[in-house]
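Below: the structure, in structure tokens.
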Amino acid sequence: MFWPFMGGALDDTVPSLGKPGWQNPPDFDFHLLVCSGPRCHVRDGASLSHMMKAECAEAGIAARCLTTTTGCMFPCNRGPMVAVYPQGDWFHLPDRAAVRRFVREVLCEGRALPEFHFHTARLARSGA
Ligand code: FES
């Protein structure tokens with residue numbers, strides 16, 4: 001099959017998917033990258049994205065969060081896991097109670113959650 005964007009400008013293909021909202025990314029404060037790679041998946045990582053969205057909605061911050069499922073992000077032994085940007089902090093969230101605490105304490109209150117935090121990205125560590 002020939003993809004329409006291979007031979008011409010991307011502008012030639014719009015509006016290929018219909019909704020105007022699918023043209024630009026939403027405005028958000030937190031990008032939540034939820035791993036759905038194979039090793040997180042066997043630890044019920046698939047539920048983490050749903051729990052995250054539900055907890056964000058319950059806390060009233062759903063519009064401030066863009067939740068994206070990803071492939072393997074490498075620290076499989078820490079799964080199920082989420083990385084939050086632009087903060088650059090990575091968390092192991094093993095159950096619904098941990099997800100709730102993450103949403104309430106980290107996202108809503110800007111607090112640390114050392115019991116579940118295991119990594120800070122280099123860019124965030126450097127303060128850039
Ligand atoms: S499968 Fe999730 S970090 Fe590898």
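Every chain in the structure tokens has a letter given in the order shown (A, B, ...), and although residue numbers restart at 1 in each chain, ligands are simply numbered from 1 in the order shown.
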
Could you list the protein, DNA and RNA residues that have any atom within 6 Å of ligand 1, counting only C-alpha atoms and all ligand atoms, and write them as an MDAnalysis selection string? chainID A and resid 35:40 72:76 79

Let's see if you can do this: from backbone DSSP, list all strand (DSSP E or B) residues in chain A, as a PyMOL selection string. chain A and resi 30-35+65-70+81-85+89-92+117-120

All residues 12 Å or closer to Cys65 in chain A, only C-alpha atoms, same chain fewer than 5 positions away omitted, as a VMD selection string: chain A and resid 25 to 33 49 52 to 57 59 to 60 84 to 86 103 107 to 108

Prev. selection, N, CA and C atoms, output as an mmCIF file, in the first residue's frame:
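Produced file part24.cif, reproduced below:
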```cif
data_model
loop_
_atom_site.group_PDB
_atom_site.id
_atom_site.type_symbol
_atom_site.label_atom_id
_atom_site.label_comp_id
_atom_site.auth_asym_id
_atom_site.auth_seq_id
_atom_site.Cartn_x
_atom_site.Cartn_y
_atom_site.Cartn_z
ATOM 1 N N PRO A 25 -1.858 18.928 19.514
ATOM 2 C CA PRO A 25 -1.863 18.329 20.854
ATOM 3 C C PRO A 25 -2.663 19.211 21.816
ATOM 4 N N PRO A 26 -3.264 18.593 22.836
ATOM 5 C CA PRO A 26 -3.983 19.391 23.834
ATOM 6 C C PRO A 26 -2.992 20.136 24.719
ATOM 7 N N ASP A 27 -3.485 21.158 25.392
ATOM 8 C CA ASP A 27 -2.655 21.860 26.348
ATOM 9 C C ASP A 27 -2.689 21.068 27.656
ATOM 10 N N PHE A 28 -1.548 20.831 28.248
ATOM 11 C CA PHE A 28 -1.531 20.043 29.479
ATOM 12 C C PHE A 28 -0.342 20.466 30.341
ATOM 13 N N ASP A 29 -0.435 20.133 31.626
ATOM 14 C CA ASP A 29 0.652 20.420 32.565
ATOM 15 C C ASP A 29 1.546 19.206 32.790
ATOM 16 N N PHE A 30 0.941 18.013 32.751
ATOM 17 C CA PHE A 30 1.685 16.788 33.038
ATOM 18 C C PHE A 30 1.519 15.798 31.888
ATOM 19 N N HIS A 31 2.632 15.322 31.363
ATOM 20 C CA HIS A 31 2.582 14.229 30.399
ATOM 21 C C HIS A 31 2.944 12.961 31.154
ATOM 22 N N LEU A 32 1.972 12.071 31.260
ATOM 23 C CA LEU A 32 2.132 10.843 32.019
ATOM 24 C C LEU A 32 2.382 9.704 31.039
ATOM 25 N N LEU A 33 3.582 9.162 31.079
ATOM 26 C CA LEU A 33 3.962 8.073 30.179
ATOM 27 C C LEU A 33 3.842 6.765 30.949
ATOM 28 N N SER A 49 -2.937 2.633 33.258
ATOM 29 C CA SER A 49 -3.405 3.778 32.486
ATOM 30 C C SER A 49 -4.852 4.113 32.820
ATOM 31 N N MET A 52 -5.006 5.551 36.294
ATOM 32 C CA MET A 52 -4.453 6.904 36.299
ATOM 33 C C MET A 52 -5.498 7.913 35.812
ATOM 34 N N LYS A 53 -6.141 7.592 34.710
ATOM 35 C CA LYS A 53 -7.157 8.499 34.173
ATOM 36 C C LYS A 53 -8.318 8.656 35.150
ATOM 37 N N ALA A 54 -8.726 7.569 35.773
ATOM 38 C CA ALA A 54 -9.846 7.635 36.728
ATOM 39 C C ALA A 54 -9.471 8.470 37.946
ATOM 40 N N GLU A 55 -8.274 8.284 38.446
ATOM 41 C CA GLU A 55 -7.846 9.044 39.630
ATOM 42 C C GLU A 55 -7.666 10.524 39.287
ATOM 43 N N CYS A 56 -7.140 10.814 38.104
ATOM 44 C CA CYS A 56 -6.990 12.214 37.681
ATOM 45 C C CYS A 56 -8.359 12.871 37.545
ATOM 46 N N ALA A 57 -9.324 12.139 37.003
ATOM 47 C CA ALA A 57 -10.675 12.684 36.870
ATOM 48 C C ALA A 57 -11.279 12.943 38.240
ATOM 49 N N ALA A 59 -9.767 13.544 40.969
ATOM 50 C CA ALA A 59 -9.066 14.651 41.630
ATOM 51 C C ALA A 59 -9.319 15.991 40.939
ATOM 52 N N GLY A 60 -10.002 15.960 39.796
ATOM 53 C CA GLY A 60 -10.332 17.193 39.088
ATOM 54 C C GLY A 60 -9.202 17.758 38.258
ATOM 55 N N VAL A 84 6.641 10.999 34.615
ATOM 56 C CA VAL A 84 5.880 12.248 34.488
ATOM 57 C C VAL A 84 6.817 13.366 34.040
ATOM 58 N N TYR A 85 6.402 14.028 32.972
ATOM 59 C CA TYR A 85 7.169 15.146 32.412
ATOM 60 C C TYR A 85 6.293 16.379 32.373
ATOM 61 N N PRO A 86 6.886 17.575 32.544
ATOM 62 C CA PRO A 86 8.299 17.917 32.417
ATOM 63 C C PRO A 86 9.140 17.674 33.667
ATOM 64 N N VAL A 103 -1.323 10.669 42.262
ATOM 65 C CA VAL A 103 -2.137 11.755 41.697
ATOM 66 C C VAL A 103 -2.322 12.860 42.730
ATOM 67 N N LEU A 107 0.984 15.078 41.726
ATOM 68 C CA LEU A 107 0.407 15.953 40.708
ATOM 69 C C LEU A 107 -0.379 17.121 41.307
ATOM 70 N N CYS A 108 -1.201 16.853 42.323
ATOM 71 C CA CYS A 108 -2.045 17.921 42.881
ATOM 72 C C CYS A 108 -1.294 18.817 43.861
#
```

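Proximity to Glu115 in chain A was assessed for A:Arg78, A:Arg64, A:His41, A:His92 counting only C-alpha atoms; the smallest distance is recorded for A:His92.
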
Length of the CA of Leu48 in chain A to CA of Ala62 in chain A vector [Å]: 14.9 Å

So what do you get for CA of Gly88 in chain A versus CA of Leu123 in chain A, distance-wise?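 Separation of CA of Gly88 in chain A and CA of Leu123 in chain A: 7.4 Å.
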
So, with only C-alpha atoms as the atoms that count, which of A:Gln87, A:Arg125, A:Arg43, A:Met51 lies closest to Gly110 in chain A? A:Gln87

CA of Phe116 in chain A and CA of Leu93 in chain A are how many Å apart?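 Atom-to-atom, CA of Phe116 in chain A and CA of Leu93 in chain A are spaced 6.4 Å apart.
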
Pull the alpha helix (DSSP H) assignments for chain A out of DSSP run on the backbone, and list those residues as JSON, numbers by chain. {"A": [38, 39, 40, 41, 45, 46, 47, 48, 49, 50, 51, 52, 53, 54, 55, 56, 57, 58, 59, 96, 97, 98, 99, 100, 101, 122, 123, 124, 125]}
